[in-house]
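J.: I'd like to ask you about the structure that follows.
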Amino acid sequence: MTELKLVMKQGCETCLMIEPLVPQIAKAHKLEVICQDSSSFPANVPVTFDESLEQSFKLNIEIVPTLIVMRDGQESSRIFGWDETAWSGLLGIEFDTDLPKFRPGCGSMTHDPGRQAELAARFAPERLRSRRLNFDHADELEVGFDQGWSDGLPVVPPTPERVMRMLEGTHREPAEVIGRVPPDYAVCTIEKVAINAVLAGCLPEYLPVVITAVEAVLEDQFCMHGLLATTYFSGPLLIVNGPLSRSIGMNSGGNALGQGNRANATIGRALQLLIRNVGGGKPGGVDRAALGNPGKYTFCFAEDEVNSCWDSLSIERGFSKETSTVTVFAADGMQGLVDQKSRTPESLCRSFASGLRVIGHPKMVMGSDAFLVVSPEHERVFREGGWSKQELKSRLLELLMIPGEELIQGAGGISEGIPVGLSDRILCKFRPDGLNIVRAGGSAGLFSAIIAGWGASGSMGSVPVTREIVLA
Amino acid sequence: MELLDPTSELQPEGRQPLPRLNALVGKTIGLLDIAKPRGDVFIDRIEDLLLQHGAKTKRFKKPTFTRVAPDALRQEIAGSCDAVLEALAD
């Protein structure tokens, strides 16, 4: 049995144009007319007023008018907009009209901004599988604190509608499992990532970055479990490269390591909240940090690769400049490095080496990796001197070959140090591949930054992981 | 207000500790070094004391303190010891 459904709205010029034809169609066919914005349009036929838009949503209407042919309760075909030839062919009706032969339709009200998420939350709740919790709380912002979901700052309440909207940022299915999150090794789905991204205050377009960051920290070589559990300062740092970092408005310029940019702030925070909520990793619980660092609220920035004379971090790590990536690094906070006098690469390189020498402890070698964040004014010195990033790195590693006699226990009147038996060795501050360089920061200021890594960097603990952010 | 649960929704399984040992004599006590500096100092001393009390000891070591003990190691300890002591810190 054949039935027709015709979805219209009065606010659409094309729908208004074809209004006189609707009674003719209703006379020839079993027709249900569904109108999104009126109970009396079109005239002279019975109308189902789809005030809640439930029917339009469930019929997946994108354009009005849409004419759907139903056979035995199943959709067999649909056409949308006005195309006299197509409508006549489908309906078997010769329209006696002087209307234009063709006119495109208008957008369905189900696709008004923000509407899809609202409708999905209401009419397709089965798309979300997380437990639904009901609260009767005078202040909704207190719920996150009461439930233990917060990092100490207010979190955005994860309503079904907000989570649906967040999921619009990815093509991946909400139920897809992306791994197990330590320390509980709990199963993590795209939906759980989205919920925590809502808590953190992310926009949907940030979600692919958050998902990729989660996948990166779950790689075995990153050692997220140990990083969380350690008494050391560290937590995950995210460095974003590629066009996506710019299209979502990340900050790689002035105050790149500081506050004030929503993408930087919330992407890093979403990862931390996910570890807390899905993984169960909380300070005082499995997180045994003696001091922690402020970056454990959030630590995320983009590399300023557009204005740099150097290969970006992602290119160094084998990706093309058109590819967007996230690199995760087990990082402490940052240490400032001031040099306002050096005008030659040789001098500035020595300054950098002096700063890098002391991370963790001046006698600690082969323990922590580090990221050196070079500001534009410092990079200019190397640009003008013709030094590539690789050359700078090589020279730094040469300068950071340290005689064992300076490093051994007791040297300098300090008990800390390497075993005395290594006094005749010359040791590098960093393991091979342990020193990384990126460019970021504002255009003024002869300052760079050192971000030291976990004291258990390398294969015994954590190595940085870079993953492509896949949007399709 | 309806919210979606951001947690893993895990229900922790309630497990009772195994019965405590009544005596050390003849028991095999596993000593697990998690591979942190000076863990051996602690375990050496504990081992001396255990041996003085008539226990037998068996020593184990994690490949690295940064990761959980491999399944095979945990199974070996569970299968060959009556109790285990773990040296956690530096």
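All residue names refer to the structure tokens as shown: chains lettered A, B, ... in order, residues numbered from 1 in each chain, ligands numbered from 1 in order.
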As a ChimeraX atom specification, please: all residues of chain B that backbone DSSP puts in alpha helix (DSSP H).

T.: /B:39-52,71-80

J.: With N, CA and C atoms retained, could you export that selection as a PDB file, in the first residue's frame?

T.:
ATOM      1  N   GLY B  39      65.284  -0.111  46.655  1.00  0.00           N
ATOM      2  CA  GLY B  39      64.317  -1.148  46.996  1.00  0.00           C
ATOM      3  C   GLY B  39      65.028  -2.383  47.526  1.00  0.00           C
ATOM      4  N   ASP B  40      66.219  -2.659  46.971  1.00  0.00           N
ATOM      5  CA  ASP B  40      66.976  -3.841  47.409  1.00  0.00           C
ATOM      6  C   ASP B  40      67.440  -3.706  48.859  1.00  0.00           C
ATOM      7  N   VAL B  41      67.755  -2.479  49.270  1.00  0.00           N
ATOM      8  CA  VAL B  41      68.189  -2.258  50.658  1.00  0.00           C
ATOM      9  C   VAL B  41      67.077  -2.669  51.621  1.00  0.00           C
ATOM     10  N   PHE B  42      65.883  -2.215  51.301  1.00  0.00           N
ATOM     11  CA  PHE B  42      64.720  -2.528  52.134  1.00  0.00           C
ATOM     12  C   PHE B  42      64.451  -4.034  52.136  1.00  0.00           C
ATOM     13  N   ILE B  43      64.487  -4.613  50.964  1.00  0.00           N
ATOM     14  CA  ILE B  43      64.134  -6.031  50.857  1.00  0.00           C
ATOM     15  C   ILE B  43      65.202  -6.920  51.503  1.00  0.00           C
ATOM     16  N   ASP B  44      66.468  -6.526  51.367  1.00  0.00           N
ATOM     17  CA  ASP B  44      67.532  -7.305  52.031  1.00  0.00           C
ATOM     18  C   ASP B  44      67.276  -7.392  53.533  1.00  0.00           C
ATOM     19  N   ARG B  45      66.923  -6.266  54.120  1.00  0.00           N
ATOM     20  CA  ARG B  45      66.710  -6.219  55.572  1.00  0.00           C
ATOM     21  C   ARG B  45      65.481  -7.046  55.967  1.00  0.00           C
ATOM     22  N   ILE B  46      64.413  -6.875  55.210  1.00  0.00           N
ATOM     23  CA  ILE B  46      63.194  -7.641  55.484  1.00  0.00           C
ATOM     24  C   ILE B  46      63.469  -9.142  55.345  1.00  0.00           C
ATOM     25  N   GLU B  47      64.249  -9.483  54.334  1.00  0.00           N
ATOM     26  CA  GLU B  47      64.547 -10.899  54.091  1.00  0.00           C
ATOM     27  C   GLU B  47      65.306 -11.493  55.280  1.00  0.00           C
ATOM     28  N   ASP B  48      66.290 -10.732  55.790  1.00  0.00           N
ATOM     29  CA  ASP B  48      67.025 -11.194  56.977  1.00  0.00           C
ATOM     30  C   ASP B  48      66.065 -11.508  58.116  1.00  0.00           C
ATOM     31  N   LEU B  49      65.162 -10.580  58.358  1.00  0.00           N
ATOM     32  CA  LEU B  49      64.217 -10.752  59.470  1.00  0.00           C
ATOM     33  C   LEU B  49      63.308 -11.948  59.240  1.00  0.00           C
ATOM     34  N   LEU B  50      62.835 -12.103  58.037  1.00  0.00           N
ATOM     35  CA  LEU B  50      61.940 -13.227  57.743  1.00  0.00           C
ATOM     36  C   LEU B  50      62.659 -14.563  57.932  1.00  0.00           C
ATOM     37  N   LEU B  51      63.881 -14.623  57.462  1.00  0.00           N
ATOM     38  CA  LEU B  51      64.641 -15.867  57.597  1.00  0.00           C
ATOM     39  C   LEU B  51      64.880 -16.189  59.067  1.00  0.00           C
ATOM     40  N   GLN B  52      65.147 -15.135  59.858  1.00  0.00           N
ATOM     41  CA  GLN B  52      65.338 -15.351  61.302  1.00  0.00           C
ATOM     42  C   GLN B  52      64.080 -15.930  61.945  1.00  0.00           C
ATOM     43  N   ASP B  71      51.293  -9.788  33.999  1.00  0.00           N
ATOM     44  CA  ASP B  71      50.410 -10.859  34.470  1.00  0.00           C
ATOM     45  C   ASP B  71      51.202 -12.095  34.885  1.00  0.00           C
ATOM     46  N   ALA B  72      52.192 -12.455  34.065  1.00  0.00           N
ATOM     47  CA  ALA B  72      52.933 -13.687  34.345  1.00  0.00           C
ATOM     48  C   ALA B  72      53.633 -13.601  35.700  1.00  0.00           C
ATOM     49  N   LEU B  73      54.163 -12.416  36.004  1.00  0.00           N
ATOM     50  CA  LEU B  73      54.844 -12.238  37.290  1.00  0.00           C
ATOM     51  C   LEU B  73      53.849 -12.355  38.442  1.00  0.00           C
ATOM     52  N   ARG B  74      52.708 -11.722  38.277  1.00  0.00           N
ATOM     53  CA  ARG B  74      51.697 -11.792  39.348  1.00  0.00           C
ATOM     54  C   ARG B  74      51.241 -13.229  39.564  1.00  0.00           C
ATOM     55  N   GLN B  75      51.067 -13.942  38.447  1.00  0.00           N
ATOM     56  CA  GLN B  75      50.621 -15.336  38.572  1.00  0.00           C
ATOM     57  C   GLN B  75      51.694 -16.194  39.238  1.00  0.00           C
ATOM     58  N   GLU B  76      52.945 -15.907  38.896  1.00  0.00           N
ATOM     59  CA  GLU B  76      54.035 -16.685  39.496  1.00  0.00           C
ATOM     60  C   GLU B  76      54.074 -16.463  41.011  1.00  0.00           C
ATOM     61  N   ILE B  77      53.908 -15.202  41.410  1.00  0.00           N
ATOM     62  CA  ILE B  77      53.923 -14.899  42.848  1.00  0.00           C
ATOM     63  C   ILE B  77      52.746 -15.589  43.534  1.00  0.00           C
ATOM     64  N   ALA B  78      51.570 -15.444  42.906  1.00  0.00           N
ATOM     65  CA  ALA B  78      50.373 -16.032  43.526  1.00  0.00           C
ATOM     66  C   ALA B  78      50.497 -17.543  43.626  1.00  0.00           C
ATOM     67  N   GLY B  79      51.152 -18.144  42.636  1.00  0.00           N
ATOM     68  CA  GLY B  79      51.232 -19.599  42.597  1.00  0.00           C
ATOM     69  C   GLY B  79      52.319 -20.186  43.476  1.00  0.00           C
ATOM     70  N   SER B  80      53.279 -19.375  43.887  1.00  0.00           N
ATOM     71  CA  SER B  80      54.428 -19.964  44.585  1.00  0.00           C
ATOM     72  C   SER B  80      54.656 -19.403  45.984  1.00  0.00           C
TER      73      SER B  80
END

J.: Mind listing as a compact mmCIF listing (two decimals) with N, CA and C atoms, in the first residue's frame which residues of chain A are within 7 Å of chain B, counting only C-alpha atoms?

T.:
# COMPACT_ATOMS: atom_id res chain seq x y z
N SER A 130 25.21 5.99 28.05
CA SER A 130 25.68 6.22 29.42
C SER A 130 24.50 6.27 30.39
N ARG A 131 24.82 5.92 31.61
CA ARG A 131 23.80 5.97 32.66
C ARG A 131 23.26 7.39 32.79
N ARG A 132 21.94 7.48 32.92
CA ARG A 132 21.31 8.80 33.11
C ARG A 132 21.05 9.00 34.60
N LEU A 133 21.50 10.13 35.07
CA LEU A 133 21.38 10.43 36.50
C LEU A 133 20.51 11.66 36.65
N ASN A 134 19.63 11.60 37.62
CA ASN A 134 18.73 12.74 37.84
C ASN A 134 19.06 13.44 39.14
N PHE A 135 19.10 14.75 39.07
CA PHE A 135 19.45 15.55 40.23
C PHE A 135 18.40 16.63 40.44
N ASP A 136 18.13 16.86 41.69
CA ASP A 136 17.24 17.95 42.05
C ASP A 136 18.07 18.90 42.89
N PRO A 157 27.54 21.03 33.22
CA PRO A 157 26.72 19.83 33.41
C PRO A 157 26.49 19.10 32.08
N PRO A 158 26.79 17.80 32.04
CA PRO A 158 26.69 17.06 30.78
C PRO A 158 25.26 16.58 30.51
N THR A 159 24.42 17.50 30.08
CA THR A 159 23.05 17.12 29.71
C THR A 159 23.09 16.31 28.43
N PRO A 160 22.08 15.47 28.20
CA PRO A 160 22.05 14.71 26.93
C PRO A 160 22.16 15.62 25.71
N ALA A 186 39.37 1.10 32.70
CA ALA A 186 37.95 1.07 32.36
C ALA A 186 37.77 1.33 30.87
N VAL A 187 36.78 0.65 30.31
CA VAL A 187 36.49 0.80 28.87
C VAL A 187 36.07 2.24 28.60
N LYS A 192 31.98 8.58 26.10
CA LYS A 192 32.56 9.02 27.39
C LYS A 192 33.54 10.17 27.18
N ILE A 195 31.38 13.23 26.78
CA ILE A 195 30.81 13.71 28.04
C ILE A 195 31.85 14.50 28.83
N ASN A 196 33.06 13.98 28.86
CA ASN A 196 34.10 14.69 29.60
C ASN A 196 34.54 15.97 28.89
N CYS A 223 52.70 5.29 28.72
CA CYS A 223 52.72 4.88 30.13
C CYS A 223 51.86 5.79 31.01
N HIS A 225 49.49 5.12 32.98
CA HIS A 225 49.27 4.62 34.35
C HIS A 225 50.38 5.12 35.29
N GLY A 226 51.61 4.89 34.87
CA GLY A 226 52.73 5.31 35.71
C GLY A 226 52.80 6.81 35.87
N ASN A 277 37.67 10.71 35.60
CA ASN A 277 36.31 10.15 35.68
C ASN A 277 36.18 8.75 35.09
N VAL A 278 36.77 8.52 33.94
CA VAL A 278 36.68 7.19 33.34
C VAL A 278 37.76 6.29 33.94
N MET A 460 61.86 3.13 29.87
CA MET A 460 61.51 2.66 31.22
C MET A 460 60.23 3.30 31.73
N GLY A 461 59.85 4.42 31.14
CA GLY A 461 58.65 5.14 31.58
C GLY A 461 57.86 5.61 30.38

J.: Quick check, in Å to one decimal: how far apart do CA of Ile93 (chain A) and CA of Lys27 (chain A) lie?

T.: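 Pair CA of Ile93 (chain A) / CA of Lys27 (chain A) returns 10.7 Å.
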
J.: Looking only at strand (DSSP E) from DSSP on the backbone, list the matching residues of chain B as a list in words.

T.: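 The residues of chain B classed as strand (DSSP E) are Glu2, Leu3, Leu4, Thr28, Ile29, Gly30, Leu31, Leu32, Asp33, Lys56, Thr57, Lys58, Arg59, Phe60, Lys61, Ala83, Val84, Leu85, Glu86 and Ala87 of chain B.
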
J.: Output C-alpha atoms for every residue in that selection, as a short mmCIF file (atom, residue, chain, number, x, y, z; two decimals), in the first residue's frame.

T.:
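Writing the result to out19.cif gives the following:
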data_model
loop_
_atom_site.label_atom_id
_atom_site.label_comp_id
_atom_site.auth_asym_id
_atom_site.auth_seq_id
_atom_site.Cartn_x
_atom_site.Cartn_y
_atom_site.Cartn_z
CA GLU B 2 19.08 14.79 33.82
CA LEU B 3 22.81 14.32 33.26
CA LEU B 4 24.90 11.63 31.61
CA THR B 28 57.14 -18.85 51.56
CA ILE B 29 57.12 -15.08 51.50
CA GLY B 30 57.51 -13.34 48.14
CA LEU B 31 59.58 -10.16 48.15
CA LEU B 32 58.71 -7.91 45.23
CA ASP B 33 61.13 -5.17 44.25
CA LYS B 56 61.40 -19.07 53.33
CA THR B 57 61.72 -16.22 50.85
CA LYS B 58 61.48 -15.83 47.15
CA ARG B 59 62.53 -12.63 45.41
CA PHE B 60 60.86 -11.01 42.43
CA LYS B 61 61.43 -7.82 40.52
CA ALA B 83 52.23 -14.01 51.12
CA VAL B 84 54.03 -11.17 49.37
CA LEU B 85 55.72 -7.99 50.54
CA GLU B 86 56.18 -5.17 48.05
CA ALA B 87 58.92 -2.55 48.39
#

J.: Considering only C-alpha atoms, return as a PyMOL selection string whatever protein or nucleic-acid residues lie within 9 Å of Glu468 (chain A), sequence-local ones (same chain, fewer than 4 positions apart) excluded.

T.: chain A and resi 212+319+323-327

J.: Please measure the separation of CA of Met401 (chain A) and CA of Leu427 (chain A), giving the value in Å to one decimal.

T.: 5.3 Å

J.: With a distance cut-off of 12 Å and only C-alpha atoms, select the neighbouring residues of Ser247 (chain A), excluding the residue or stretch itself and same-chain residues fewer than 6 positions from it, and output the selection as a PyMOL selection string.

T.: chain A and resi 205-206+209+240-241+263+302+324

J.: Take the residues from that selection and put them in a file with N, CA and C atoms, as a tab-separated table (two decimals), in the first residue's frame.

T.:
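Once written, selection.tsv looks like this:
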chain	number	residue	atom	x	y	z
A	205	GLU	N	33.93	21.22	17.83
A	205	GLU	CA	35.05	21.13	16.87
A	205	GLU	C	36.37	20.77	17.55
A	206	TYR	N	36.42	20.83	18.87
A	206	TYR	CA	37.64	20.40	19.58
A	206	TYR	C	37.66	18.88	19.78
A	209	VAL	N	40.35	16.52	18.49
A	209	VAL	CA	41.65	16.71	19.13
A	209	VAL	C	41.66	15.96	20.47
A	240	VAL	N	49.64	20.70	19.75
A	240	VAL	CA	48.85	20.46	18.54
A	240	VAL	C	49.54	21.14	17.36
A	241	ASN	N	49.66	20.40	16.27
A	241	ASN	CA	50.26	20.92	15.04
A	241	ASN	C	49.26	20.80	13.89
A	263	ALA	N	40.19	26.89	23.40
A	263	ALA	CA	40.63	25.59	22.87
A	263	ALA	C	41.81	25.06	23.69
A	302	ALA	N	49.41	25.16	20.86
A	302	ALA	CA	49.74	24.85	19.47
A	302	ALA	C	51.13	25.38	19.17
A	324	SER	N	47.20	17.34	10.58
A	324	SER	CA	47.10	17.84	11.95
A	324	SER	C	47.41	16.71	12.92

J.: Which polymer residues have any atom within 12 Å of an atom of Arg162 (chain A), counting only C-alpha atoms, with same-chain residues fewer than 2 positions away left out, as a PyMOL selection string?

T.: (chain A and resi 114-122+128+156-160+164-169+191+194-204) or (chain B and resi 2-4)

J.: I want to know what sits within 12 Å of Pro65 (chain A), based on only C-alpha atoms, with residues of the same chain fewer than 2 positions away left out; could you give that as an MDAnalysis selection string?

T.: chainID A and resid 5:19 22 33:36 42 56 61:63 67:68 78:83 87 103:109

J.: Would you output that residue set with C-alpha atoms, as a JSON list (two decimals), in the first residue's frame?

T.:
[["chain", "number", "residue", "atom", "x", "y", "z"],
["A", 5, "LYS", "CA", 4.09, 12.21, 3.34],
["A", 6, "LEU", "CA", 4.66, 15.83, 2.41],
["A", 7, "VAL", "CA", 6.67, 17.92, 4.85],
["A", 8, "MET", "CA", 6.38, 21.69, 4.51],
["A", 9, "LYS", "CA", 6.76, 24.94, 6.39],
["A", 10, "GLN", "CA", 4.86, 28.14, 5.90],
["A", 11, "GLY", "CA", 8.03, 30.18, 6.21],
["A", 12, "CYS", "CA", 9.39, 28.63, 3.02],
["A", 13, "GLU", "CA", 8.77, 30.50, -0.24],
["A", 14, "THR", "CA", 8.82, 27.28, -2.25],
["A", 15, "CYS", "CA", 6.24, 25.69, 0.04],
["A", 16, "LEU", "CA", 4.06, 28.81, -0.32],
["A", 17, "MET", "CA", 4.45, 28.58, -4.08],
["A", 18, "ILE", "CA", 3.23, 24.99, -4.32],
["A", 19, "GLU", "CA", 0.45, 25.40, -1.72],
["A", 22, "VAL", "CA", -1.45, 20.21, -2.48],
["A", 33, "VAL", "CA", 0.71, 16.73, 5.08],
["A", 34, "ILE", "CA", 3.09, 17.60, 7.89],
["A", 35, "CYS", "CA", 3.78, 21.24, 8.58],
["A", 36, "GLN", "CA", 6.60, 22.40, 10.80],
["A", 42, "PRO", "CA", -1.30, 24.54, 3.52],
["A", 56, "SER", "CA", 10.42, 15.80, 10.82],
["A", 61, "ILE", "CA", 14.02, 15.95, 6.81],
["A", 62, "GLU", "CA", 16.75, 18.33, 5.67],
["A", 63, "ILE", "CA", 14.85, 20.38, 3.07],
["A", 67, "LEU", "CA", 7.78, 14.42, -0.56],
["A", 68, "ILE", "CA", 8.24, 10.87, 0.69],
["A", 78, "ARG", "CA", 11.80, 10.91, -1.63],
["A", 79, "ILE", "CA", 12.19, 14.14, -3.53],
["A", 80, "PHE", "CA", 12.71, 17.61, -2.16],
["A", 81, "GLY", "CA", 12.40, 21.15, -3.39],
["A", 82, "TRP", "CA", 10.10, 21.77, -6.38],
["A", 83, "ASP", "CA", 10.86, 20.03, -9.67],
["A", 87, "TRP", "CA", 6.90, 15.48, -8.93],
["A", 103, "ARG", "CA", 12.70, 25.92, -7.46],
["A", 104, "PRO", "CA", 14.96, 24.69, -4.64],
["A", 105, "GLY", "CA", 13.49, 24.25, -1.22],
["A", 106, "CYS", "CA", 14.41, 25.78, 2.12],
["A", 107, "GLY", "CA", 16.18, 24.34, 5.16],
["A", 108, "SER", "CA", 14.11, 22.21, 7.47],
["A", 109, "MET", "CA", 13.55, 23.67, 10.94]]
